[in-house]
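Have a look at the structure below before the remarks.
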Amino acid sequence: MNILITILLLLISIIALALIAALFMKKEHYVKREIIINAPLQKVFNFLKLLKNQDKFNKWTQEDPDRKWEYKGTDGTEGFIISWSGNKKAGEGEKEIMKIIDGKRIETQIRFVKPMSTVADVIMEIETISDPDSNRDRTKVSLINSGTLKYPMNIFIPIAESKFPKDMDDSLMTLKRLLEKGEQ
């Protein structure tokens, strides 16, 4: 019986310590990753502005190939919403195009319902890269993921900020392969 009480007290102490730590942790996360793609800016932008295309390279959308999708509006325009419901890894939520600045920027918002309710902003910035030694068209794509997690969920921000960069880099590498090979 003493062992069970000791284990219970230890678990309560760990949970209390985590909750106290969360009080002093930041509530915002921000991760930015970039890649250079050997393709013209307009080709890259036209591909990226379609949320259905983003699912072709986004590592997180590939967590559940059997997820159910719903679409509202016209893809590639402000207000278009793509919703999903999937397995435990994919969760449930929606992504909406909030703002498009032609040839420069696509702002979206992801609203998760499961595994936990949270909102994040995902921004893709696109710019032409000059290379005087080459006459190839090159485009820099910046992928930004930011948002706020309320207490006590902010305890997960360090985990997210350590995991997001690799996942975002994987997604950007897949995007690069798709656009440079002309697979769309």
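Letters A, B, ... mark the chains of the structure tokens in the order given; residue numbers begin at 1 per chain; ligand numbers begin at 1, in order shown.
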Against range 103-112 of chain A, which residues of range 68-93 of chain A fall within 10 Å? For each one I want the closest pair of atoms and the distance in Å (one decimal), counting only C-alpha atoms, rows by chain and increasing residue number, as a tab-separated table.
```
residue	atom	partner	partner_atom	distance
A:Gly76	CA	A:Ile106	CA	9.4
A:Thr77	CA	A:Ile106	CA	9.8
A:Glu78	CA	A:Thr108	CA	9.0
A:Gly79	CA	A:Thr108	CA	9.4
A:Phe80	CA	A:Thr108	CA	9.6
A:Ile81	CA	A:Thr108	CA	9.5
A:Ile82	CA	A:Ile110	CA	9.6
A:Ser83	CA	A:Arg111	CA	9.3
A:Trp84	CA	A:Phe112	CA	9.6
A:Ala90	CA	A:Phe112	CA	9.9
A:Gly91	CA	A:Phe112	CA	7.6
A:Glu92	CA	A:Phe112	CA	6.0
A:Gly93	CA	A:Phe112	CA	4.2
```
- Query: Got a sec to tell me which of range 15-183 of chain A DSSP assigns to strand (DSSP E), as a ChimeraX atom specification?
  - Reply: /A:28-37,68-72,81-85,92-101,105-114,118-129,138-148
- Query: From the list A:Ile126, A:Met116, A:Leu8, A:Ile144, which residue is nearest Pro40 in chain A when using only C-alpha atoms?
  - Reply: A:Ile126
- Within 10 Å of Gly86 in chain A using only C-alpha atoms, minus same-chain residues under 3 positions, as a PyMOL selection string: chain A and resi 61+63-69+89-93+114
- Message: Which residue is closest to Val31 in chain A? Choose from A:Ile123, A:Ile5, A:Met153, A:Leu175 and count only C-alpha atoms.
- Response: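 Looking only at the distances to Val31 in chain A, the closest residue turns out to be A:Ile123.
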- Query: Which residues come within 12 Å of Leu179 in chain A, counting only C-alpha atoms, excluding same-chain residues fewer than 5 positions away, as a PyMOL selection string?
  - Reply: chain A and resi 36-48+53-54+56-57+138-139+141+172-174+184
- Message: As an exercise, work out the distance from CA of Asp121 in chain A to CA of Leu23 in chain A in Å and give it to one decimal place.
- Response: 23.3 Å
- In Å to one decimal, how far is CA of Asp131 in chain A from CA of Asn58 in chain A? 27.9 Å
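Distance annotation: of A:Met1, A:Ile157, A:Arg136, A:Asp55, the residue with the minimal separation from Leu178 in chain A is A:Asp55; atom set is only C-alpha atoms.
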- Message: Would you compute the distance between CA of Lys59 in chain A and CA of Asp169 in chain A? Give it in Å to one decimal.
- Response: 9.3 Å
